[in-house]
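Q: One file: query26.cif (mmCIF, C-alpha atoms and all ligand atoms).
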data_structure
#
loop_
_atom_site.label_atom_id
_atom_site.label_comp_id
_atom_site.auth_asym_id
_atom_site.auth_seq_id
_atom_site.Cartn_x
_atom_site.Cartn_y
_atom_site.Cartn_z
CA MET T 277 24.33 16.23 21.76
CA ASN T 278 20.99 16.68 23.46
CA ALA T 279 20.65 15.04 26.86
CA LEU T 280 18.14 12.20 27.17
CA PHE T 281 14.82 13.96 27.63
CA ARG T 282 12.16 11.89 29.35
CA LEU T 283 8.61 13.07 29.76
CA PRO T 284 7.54 12.80 33.37
CA PRO T 285 4.80 10.13 33.68
CA ARG T 286 1.24 11.50 33.48
CA HIS T 287 0.49 9.52 36.63
CA PRO T 288 3.52 9.85 38.90
CA ASP T 289 2.93 6.49 40.60
CA THR T 290 3.09 4.49 37.34
CA GLU T 291 6.55 3.16 36.56
CA SER T 292 8.27 4.45 33.45
CA ASP T 293 8.05 1.79 30.75
CA ASP T 294 10.24 2.99 27.89
CA ILE T 295 10.25 0.41 25.10
CA VAL T 296 12.63 2.52 22.99
CA VAL T 297 15.52 4.55 24.37
CA VAL T 298 17.71 6.46 21.92
CA ASP T 299 20.72 7.94 23.65
CA GLY T 300 22.97 10.46 21.88
CA ILE T 301 22.67 8.75 18.50
CA SER T 302 24.67 10.10 15.55
CA ARG T 303 25.15 8.97 12.00
CA HIS T 304 27.69 10.72 9.81
CA PHE T 305 28.29 9.76 6.19
CA GLY T 306 31.46 10.26 4.16
CA GLY T 307 34.76 11.44 5.64
CA ARG T 308 36.66 8.46 4.18
CA LYS T 309 39.03 8.25 1.27
CA THR T 310 37.84 5.93 -1.47
CA LEU T 311 39.91 3.83 -3.86
CA LEU T 312 39.30 6.32 -6.63
CA SER T 313 39.87 9.48 -4.63
CA ARG T 314 42.77 10.57 -2.48
CA VAL T 315 40.69 13.27 -0.88
CA ALA T 316 38.30 12.26 1.89
CA ALA T 317 34.61 12.80 1.05
CA PRO T 318 33.08 15.62 3.11
CA VAL T 319 31.21 14.55 6.22
CA VAL T 320 27.41 14.67 6.14
CA ARG T 321 26.01 14.91 9.66
CA ALA T 322 22.66 13.29 8.87
CA VAL T 323 21.89 12.59 12.56
CA ASP T 324 23.89 14.37 15.24
CA GLY T 325 23.41 13.47 18.89
CA VAL T 326 19.67 12.79 19.11
CA SER T 327 18.13 11.42 22.32
CA PHE T 328 14.56 10.43 23.08
CA SER T 329 12.54 7.67 24.67
CA VAL T 330 9.18 6.17 23.74
CA ARG T 331 6.71 4.72 26.23
CA ARG T 332 5.20 1.36 25.39
CA GLY T 333 1.87 1.65 23.58
CA THR T 334 2.34 5.32 22.65
CA CYS T 335 3.12 7.11 19.40
CA PHE T 336 6.28 9.20 19.06
CA ALA T 337 6.54 11.40 15.98
CA ILE T 338 9.69 12.72 14.33
CA VAL T 339 8.89 15.78 12.27
CA GLY T 340 10.98 17.99 10.02
CA GLU T 341 11.58 19.10 6.47
CA SER T 342 13.08 16.93 3.78
CA GLY T 343 16.78 16.45 4.48
CA SER T 344 16.53 17.00 8.25
CA GLY T 345 17.62 13.40 8.93
CA LYS T 346 14.31 11.73 9.80
CA SER T 347 14.72 8.65 7.60
CA SER T 348 18.30 8.10 8.75
CA LEU T 349 17.07 8.26 12.36
CA ALA T 350 14.31 5.73 11.58
CA ARG T 351 16.86 3.36 10.07
CA LEU T 352 19.09 3.71 13.12
CA VAL T 353 16.18 2.78 15.38
CA VAL T 354 15.37 -0.40 13.44
CA GLY T 355 19.04 -1.40 13.26
CA LEU T 356 19.33 -0.97 9.46
CA LEU T 357 22.02 1.69 9.90
CA LYS T 358 24.93 1.50 12.32
CA PRO T 359 25.41 4.60 14.44
CA THR T 360 28.62 6.61 14.36
CA ALA T 361 28.03 7.26 18.07
CA GLY T 362 25.33 6.66 20.66
CA GLU T 363 23.07 3.74 21.46
CA VAL T 364 19.56 2.49 20.71
CA THR T 365 17.95 0.23 23.30
CA ILE T 366 14.81 -1.69 22.39
CA ASP T 367 12.88 -3.34 25.20
CA GLY T 368 16.01 -3.46 27.35
CA THR T 369 18.33 -4.80 24.62
CA ARG T 370 21.15 -2.58 23.35
CA LEU T 371 21.36 -2.94 19.57
CA SER T 372 25.17 -2.65 19.65
CA THR T 373 25.34 -5.96 21.54
CA LEU T 374 23.38 -7.92 18.89
CA ASP T 375 24.95 -10.19 16.28
CA LYS T 376 23.24 -10.99 12.94
CA THR T 377 20.86 -13.53 14.49
CA GLY T 378 19.96 -11.12 17.26
CA LEU T 379 19.30 -8.36 14.75
CA ARG T 380 17.03 -10.65 12.71
CA ALA T 381 15.04 -11.47 15.85
CA LEU T 382 14.82 -7.76 16.60
CA ARG T 383 13.47 -7.02 13.10
CA ARG T 384 10.51 -9.26 13.87
CA LYS T 385 9.74 -7.07 16.88
CA VAL T 386 10.41 -3.74 15.15
CA GLN T 387 8.91 -3.39 11.68
CA LEU T 388 9.44 -0.58 9.21
CA VAL T 389 6.62 0.65 6.94
CA LEU T 390 7.79 2.88 4.10
CA GLN T 391 6.15 5.81 2.39
CA ASP T 392 5.61 4.29 -1.02
CA PRO T 393 4.25 0.74 -1.02
CA ARG T 394 4.69 0.62 -4.79
CA ALA T 395 8.43 0.67 -4.17
CA SER T 396 8.45 -1.53 -1.07
CA LEU T 397 6.21 -4.36 -2.39
CA ASP T 398 7.66 -6.82 -4.89
CA PRO T 399 5.69 -6.34 -8.15
CA ARG T 400 6.11 -10.03 -9.03
CA MET T 401 4.52 -11.33 -5.83
CA THR T 402 0.83 -11.69 -5.04
CA VAL T 403 -0.44 -10.34 -1.73
CA PHE T 404 -0.58 -13.90 -0.38
CA ASP T 405 3.03 -14.60 -1.33
CA THR T 406 4.19 -11.28 0.16
CA LEU T 407 2.58 -12.13 3.49
CA ALA T 408 3.69 -15.79 3.40
CA GLU T 409 7.27 -14.66 2.75
CA ALA T 410 7.23 -12.47 5.85
CA LEU T 411 6.21 -15.49 7.94
CA THR T 412 8.86 -17.69 6.29
CA VAL T 413 11.66 -15.17 6.94
CA HIS T 414 10.91 -15.34 10.66
CA GLY T 415 10.11 -19.07 10.74
CA LEU T 416 6.52 -18.56 11.86
CA HIS T 417 3.39 -20.62 11.03
CA ARG T 418 5.32 -23.11 8.92
CA GLU T 419 2.35 -25.46 8.66
CA ARG T 420 0.21 -24.64 5.59
CA ALA T 421 -3.20 -24.40 7.22
CA ALA T 422 -1.88 -22.31 10.12
CA ARG T 423 -0.11 -19.99 7.69
CA ALA T 424 -3.25 -19.52 5.58
CA ALA T 425 -5.31 -18.87 8.72
CA ARG T 426 -2.83 -16.24 9.93
CA ILE T 427 -2.82 -14.54 6.52
CA ASP T 428 -6.65 -14.52 6.40
CA ALA T 429 -6.82 -13.02 9.89
CA VAL T 430 -4.32 -10.26 9.13
CA ILE T 431 -5.83 -9.36 5.77
CA ALA T 432 -9.18 -8.86 7.52
CA MET T 433 -7.50 -6.75 10.23
CA VAL T 434 -6.27 -4.28 7.62
CA GLY T 435 -9.68 -4.01 5.94
CA LEU T 436 -9.01 -6.16 2.85
CA ASN T 437 -10.70 -9.41 1.89
CA PRO T 438 -9.53 -12.84 0.66
CA ALA T 439 -10.11 -11.81 -2.98
CA HIS T 440 -7.19 -9.40 -2.63
CA LEU T 441 -4.77 -12.22 -1.77
CA VAL T 442 -4.38 -13.33 -5.39
CA ARG T 443 -3.72 -9.82 -6.69
CA TYR T 444 -0.40 -8.24 -7.62
CA PRO T 445 0.54 -4.76 -6.34
CA HIS T 446 -0.29 -3.10 -9.70
CA GLU T 447 -3.84 -4.49 -9.45
CA LEU T 448 -4.43 -2.62 -6.19
CA SER T 449 -5.13 1.04 -5.41
CA GLY T 450 -2.56 3.12 -3.48
CA GLY T 451 -4.55 2.77 -0.25
CA GLN T 452 -4.91 -1.00 -0.71
CA ARG T 453 -1.17 -1.32 -1.32
CA GLN T 454 -0.44 0.55 1.89
CA ARG T 455 -2.86 -1.79 3.71
CA VAL T 456 -0.83 -4.74 2.37
CA ALA T 457 2.41 -3.10 3.55
CA ILE T 458 0.84 -2.68 7.00
CA ALA T 459 -0.40 -6.30 6.94
CA ARG T 460 3.14 -7.45 6.13
CA ALA T 461 4.45 -5.40 9.05
CA ILE T 462 1.99 -6.77 11.63
CA ILE T 463 1.81 -10.40 10.51
CA CYS T 464 4.79 -11.40 12.67
CA GLU T 465 3.27 -9.80 15.78
CA PRO T 466 5.75 -6.96 16.26
CA ASP T 467 5.79 -4.66 19.28
CA ILE T 468 6.88 -1.54 17.39
CA LEU T 469 6.06 -0.10 13.96
CA VAL T 470 8.32 2.58 12.53
CA LEU T 471 6.16 4.37 9.96
CA ASP T 472 8.16 6.49 7.51
CA GLU T 473 5.75 9.03 5.94
CA PRO T 474 2.94 6.42 6.03
CA VAL T 475 0.35 8.47 4.16
CA SER T 476 2.22 11.13 2.19
CA ALA T 477 2.19 9.12 -1.06
CA LEU T 478 -1.61 8.67 -0.87
CA ASP T 479 -4.55 10.74 -2.10
CA VAL T 480 -5.88 13.05 0.59
CA SER T 481 -9.19 11.15 0.62
CA VAL T 482 -7.38 7.89 1.43
CA GLN T 483 -4.98 9.35 4.01
CA ALA T 484 -7.65 9.60 6.73
CA GLN T 485 -8.67 5.96 6.20
CA ILE T 486 -5.09 4.75 6.66
CA ILE T 487 -4.59 6.99 9.71
CA ASN T 488 -7.78 5.55 11.25
CA LEU T 489 -6.62 2.02 10.44
CA LEU T 490 -3.28 2.68 12.16
CA ALA T 491 -5.06 4.05 15.23
CA GLU T 492 -7.35 1.00 15.35
CA LEU T 493 -4.44 -1.44 15.03
CA GLN T 494 -2.43 0.38 17.67
CA ALA T 495 -5.24 -0.01 20.19
CA ARG T 496 -6.08 -3.58 19.22
CA LEU T 497 -2.52 -4.94 19.11
CA ALA T 498 -1.00 -2.70 21.83
CA LEU T 499 1.57 -1.42 19.34
CA THR T 500 4.13 1.31 19.88
CA TYR T 501 4.55 3.66 16.92
CA ILE T 502 7.38 5.88 15.76
CA VAL T 503 6.01 8.02 12.93
CA ILE T 504 8.29 9.96 10.60
CA THR T 505 6.58 12.86 8.86
CA HIS T 506 6.98 16.39 7.56
CA ASP T 507 3.38 17.16 8.52
CA LEU T 508 2.72 18.69 11.96
CA ALA T 509 -1.04 18.36 11.46
CA LEU T 510 -0.58 14.58 11.27
CA VAL T 511 1.59 14.70 14.39
CA ALA T 512 -1.06 16.59 16.33
CA HIS T 513 -3.60 13.95 15.27
CA MET T 514 -1.62 10.75 15.87
CA ALA T 515 1.20 11.28 18.32
CA ASP T 516 1.58 11.45 22.10
CA ALA T 517 5.08 12.92 21.95
CA VAL T 518 7.18 14.51 19.23
CA GLY T 519 10.73 15.44 18.30
CA VAL T 520 11.15 18.34 15.86
CA MET T 521 14.25 17.71 13.78
CA TYR T 522 16.41 20.28 12.00
CA LEU T 523 19.74 19.44 10.35
CA GLY T 524 20.23 16.22 12.27
CA ARG T 525 19.21 17.46 15.73
CA PHE T 526 16.06 17.82 17.77
CA VAL T 527 15.37 21.52 18.25
CA GLU T 528 12.20 20.90 20.26
CA GLN T 529 10.73 17.76 21.80
CA GLY T 530 8.17 16.64 24.33
CA ASP T 531 4.48 16.16 24.90
CA VAL T 532 2.59 16.69 21.66
CA GLU T 533 -0.07 18.90 23.24
CA GLU T 534 2.60 21.20 24.57
CA VAL T 535 4.85 21.26 21.50
CA CYS T 536 1.99 21.68 19.01
CA GLY T 537 -0.24 23.73 21.33
CA ALA T 538 2.36 26.25 22.46
CA PRO T 539 5.49 25.72 20.35
CA ARG T 540 8.51 27.54 21.75
CA HIS T 541 11.15 27.04 19.06
CA PRO T 542 10.81 29.43 16.10
CA TYR T 543 11.28 26.48 13.71
CA THR T 544 8.36 24.59 15.28
CA ARG T 545 6.26 27.76 15.13
CA SER T 546 7.05 28.12 11.45
CA LEU T 547 6.10 24.48 10.79
CA MET T 548 2.85 25.09 12.69
CA ALA T 549 2.16 28.14 10.55
CA ILE T 550 2.55 25.99 7.43
CA ALA T 551 0.36 23.21 8.89
CA ALA T 552 -2.42 25.57 9.97
CA PRO T 553 -2.15 29.05 8.43
CA ALA T 554 -5.30 30.08 10.27
CA VAL T 555 -3.78 29.48 13.71
CA PRO T 556 -3.64 32.82 15.55
CA PRO T 557 -0.21 34.24 16.46
CA GLN T 558 1.36 32.43 19.38
CA ARG T 559 2.00 34.07 22.68
CA ALA T 560 5.77 34.03 22.36
CA GLY T 561 6.10 35.51 18.90
CA ARG T 562 4.45 35.59 15.51
CA PRO T 563 4.81 32.38 13.56
CA ALA T 564 6.43 33.22 10.24
CA LEU T 565 6.56 31.11 7.14
CA LEU T 566 9.98 29.61 6.60
CA GLU T 567 12.21 31.47 4.21
CA GLY T 568 14.54 29.64 1.88
CA SER T 569 15.34 25.97 2.10
CA ILE T 570 17.12 23.87 4.67
CA PRO T 571 20.94 24.29 4.37
CA SER T 572 23.07 21.37 3.26
CA PRO T 573 24.16 19.08 6.11
CA LEU T 574 27.62 19.38 4.52
CA ALA T 575 27.75 22.98 5.74
CA ILE T 576 25.73 23.23 8.95
CA PRO T 577 25.54 26.89 10.06
CA SER T 578 27.55 27.81 13.16
CA GLY T 579 25.94 28.47 16.55
CA CYS T 580 22.23 27.75 16.28
CA SER T 581 21.92 25.88 12.97
CA PHE T 582 18.52 27.55 12.37
CA HIS T 583 19.92 31.09 12.56
CA THR T 584 20.09 31.54 8.76
CA ARG T 585 16.27 31.25 8.51
CA CYS T 586 15.12 32.29 11.97
CA PRO T 587 12.38 34.96 12.05
CA LEU T 588 12.81 35.43 15.83
CA ALA T 589 16.56 36.09 15.49
CA ARG T 590 15.90 38.75 12.85
CA GLU T 591 13.21 40.33 15.01
CA LEU T 592 15.46 40.37 18.08
CA ALA T 593 18.35 41.83 16.09
CA ALA T 594 16.11 44.67 15.00
CA GLU T 595 15.53 45.45 18.70
CA GLY T 596 19.16 44.85 19.74
CA LEU T 597 21.97 47.24 20.60
CA PRO T 598 25.21 47.63 18.63
CA GLY T 599 27.74 45.04 19.79
CA VAL T 600 25.05 42.53 20.74
CA ASN T 601 24.31 41.86 17.10
CA THR T 602 26.60 40.62 14.34
CA PRO T 603 28.58 43.48 12.71
CA ASP T 604 26.02 43.73 9.87
CA GLY T 605 23.31 44.13 12.54
CA ARG T 606 21.12 41.41 10.99
CA LEU T 607 21.30 38.77 13.73
CA PRO T 608 22.06 38.44 17.46
CA ARG T 609 25.69 37.37 17.83
CA ARG T 610 24.71 34.68 20.28
CA CYS T 611 22.58 32.89 17.64
CA VAL T 612 25.50 32.82 15.23
CA GLU T 613 28.24 31.93 17.72
CA GLU T 614 26.77 29.77 20.49
CA THR T 615 25.14 26.35 20.03
CA PRO T 616 21.95 26.25 22.11
CA VAL T 617 21.11 23.24 24.30
CA LEU T 618 17.63 21.90 24.99
CA HIS T 619 16.05 23.88 27.84
CA PRO T 620 13.11 22.15 29.55
CA ALA T 621 9.94 24.23 29.68
CA PRO T 622 8.39 25.02 33.06
CA GLY T 623 6.57 21.82 34.04
CA GLY T 624 9.12 19.71 32.18
CA ARG T 625 6.78 18.39 29.48
CA SER T 626 8.82 19.77 26.59
CA ALA T 627 12.23 21.23 25.84
CA ALA T 628 13.48 23.60 23.13
CA SER T 629 16.98 24.52 22.00
CA CYS T 630 16.68 28.25 21.38
CA HIS T 631 18.62 30.88 23.33
CA PHE T 632 15.51 33.02 23.42
CA ALA T 633 12.73 30.40 23.49
CA VAL T 634 11.46 30.64 27.02
CA GLU T 635 10.39 34.15 27.81
CA ARG T 636 12.00 35.86 24.87
CA PRO T 637 14.09 37.89 27.34
CA HIS T 638 15.37 41.11 25.93
CA ILE T 639 18.60 40.57 24.10
CA GLN T 640 20.59 43.01 26.31
CA GLU T 641 20.09 40.69 29.29
CA SER T 642 21.61 37.66 27.56
N1 LIG F 701 23.96 6.97 2.52
C1 LIG F 701 24.12 8.29 2.55
N2 LIG F 701 25.28 8.86 2.14
C2 LIG F 701 25.44 10.20 2.18
N3 LIG F 701 24.52 11.08 2.62
C3 LIG F 701 23.34 10.57 3.04
C4 LIG F 701 23.08 9.16 3.03
N4 LIG F 701 21.81 8.97 3.51
C5 LIG F 701 21.32 10.20 3.80
N5 LIG F 701 22.24 11.14 3.51
C6 LIG F 701 22.09 12.60 3.69
O1 LIG F 701 21.69 12.84 5.04
C7 LIG F 701 20.76 13.91 5.09
C8 LIG F 701 19.50 13.45 5.80
O2 LIG F 701 18.84 12.51 4.96
P1 LIG F 701 17.49 11.77 5.40
O3 LIG F 701 17.00 10.97 4.22
O4 LIG F 701 17.71 11.04 6.67
O5 LIG F 701 16.53 13.02 5.66
P2 LIG F 701 14.94 13.09 5.69
O6 LIG F 701 14.58 14.12 6.68
O7 LIG F 701 14.38 11.72 5.90
O8 LIG F 701 14.62 13.58 4.22
P3 LIG F 701 13.52 13.00 3.21
O9 LIG F 701 12.18 13.33 3.84
O10 LIG F 701 13.79 13.75 1.95
O11 LIG F 701 13.79 11.53 3.11
C9 LIG F 701 20.50 14.34 3.65
O12 LIG F 701 21.28 15.47 3.36
C10 LIG F 701 20.96 13.16 2.83
O13 LIG F 701 21.44 13.57 1.57
#
Give the structure from this file in structure tokens form.
Ligand SMILES: Nc1ncnc2c1ncn2[C@@H]1O[C@H](COP(=O)(O)OP(=O)(O)OP(=O)(O)O)[C@@H](O)[C@H]1O
A:
Amino acid sequence: MNALFRLPPRHPDTESDDIVVVDGISRHFGGRKTLLSRVAAPVVRAVDGVSFSVRRGTCFAIVGESGSGKSSLARLVVGLLKPTAGEVTIDGTRLSTLDKTGLRALRRKVQLVLQDPRASLDPRMTVFDTLAEALTVHGLHRERAARAARIDAVIAMVGLNPAHLVRYPHELSGGQRQRVAIARAIICEPDILVLDEPVSALDVSVQAQIINLLAELQARLALTYIVITHDLALVAHMADAVGVMYLGRFVEQGDVEEVCGAPRHPYTRSLMAIAAPAVPPQRAGRPALLEGSIPSPLAIPSGCSFHTRCPLARELAAEGLPGVNTPDGRLPRRCVEETPVLHPAPGGRSAASCHFAVERPHIQES
């Protein structure tokens, strides 16, 4: 489990105001016998001991490839999934202490926006009905005129007009549908939006418009964002802080300028190379494109879970001495045998879990 990593405040005299604190959260699936099977299903470690905190009014991004556990983590944060271990605290309230009523109240404050609005909007409901339903669920603006006024105000905020209110999702473009999904999320005046791949289902030309809309709304409504994405370029654009996720764990996290500007973990460097192939080689090693695909979370590699794809491990092994490497000489033994912990970078604005991340000390010294 990674220890709770908190960015030091930019201005040391301002008090820390963490609206979200995620402490050692895990979610494992399977492992139980079913009625039809006497053998327990294998355990999938979708999220495995993740910790982070998010300052009020900022944007925290969770980045990683498909299958790294990002969506499961998002669902844990909004209380849609129960953790196997660990705790999520939202604005001082521990989710584990909430009953059904408490969780419903929390869902008003923490809204989830999904990747594909075509799937998340009911095709049989007009835009007006979709927004009215959100108010009804939370018992807000019950009076007709007040409800219509709130819907008109929100539809304008997301850049649509009253003519859109009578349309059905299939009568809207992809960008307009995502604007409706955002309107539905903000209509109940939440504090936090969890945005799961908010633009990846959209045409590239529309993506920038939605990103700008999200930035505008964040400033106007003092929202806190948690953005789930596989795209480090989007992270660099939107986020203040980031957690880089691989097989259920954060392998690097911290200030976005530091993590994206001088990534220390070889996985982050590889993601950066994909996001911006023209970026010159980083100081601490050449970014290499990722080889192969992410292993199954049913069979997480031993030691450092990234060792099966790690370009830095291969490079270090090539420099290493017999006995320091695995018997086949392909990888440093330490990468295969020892699980790395998050090491804070000098200055404490980021941390990376790689045995060799900091100075890339020569393998004989380790
Ligand atoms: N309900 C479930 N039962 C079993 N395994 C699950 C369940 N939900 C997720 N998983 C597994 O957990 C792992 C992480 O899934 P998750 O959807 O959180 O990853 P992700 O990074 O969001 O990927 P994607 O971008 O493809 O959605 C995957 O291997 C997935 O198959």
Q: Closest to ligand LIG 701 (chain F) among T:His414, T:His506, T:His446, T:Lys358, using all atoms listed in the file?
A: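 Between T:His414, T:His506, T:His446, T:Lys358, the residue approaching ligand LIG 701 (chain F) most closely is T:His506.
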Q: Kindly compile the residues surrounding ligand LIG 701 (chain F) within 7 Å, counting all atoms listed in the file, and format them as a count of residues only.
A: 17
Q: For a test of reading the model, state the distance in Å between atom CA of T:Ser372 and atom CA of T:Ile502, rounded to one decimal.
A: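 Atom CA of T:Ile502 lies 20.1 Å from atom CA of T:Ser372.
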Q: Between T:Pro399, T:Gly624, T:Gly415, T:Gly524, which has the minimum distance to T:Ile301 (counting all atoms listed in the file)?
A: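 Of the candidates, the smallest distance to T:Ile301 is held by T:Gly524.
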Q: Return the single residue from T:Arg525, T:Met548, T:Pro620, T:Ser449 that is closest to T:Val511, with distances computed using only C-alpha atoms.
A: T:Met548
Q: Distance atom CA of T:Leu441-atom CA of T:Ile458, one decimal place?
A: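 Between these atoms lies a distance of 14.1 Å.
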Q: Work out how far atom CA of T:His440 is from atom CA of T:Ala425, in Å to one decimal.
A: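 A separation of 14.9 Å between them.
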Q: Of the residues T:Gln494, T:Thr615, T:Ser626, T:Thr500, which is the one nearest to T:Cys536, using all atoms listed in the file?
A: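 Residue with the minimum atom-to-atom distance to T:Cys536: T:Ser626.
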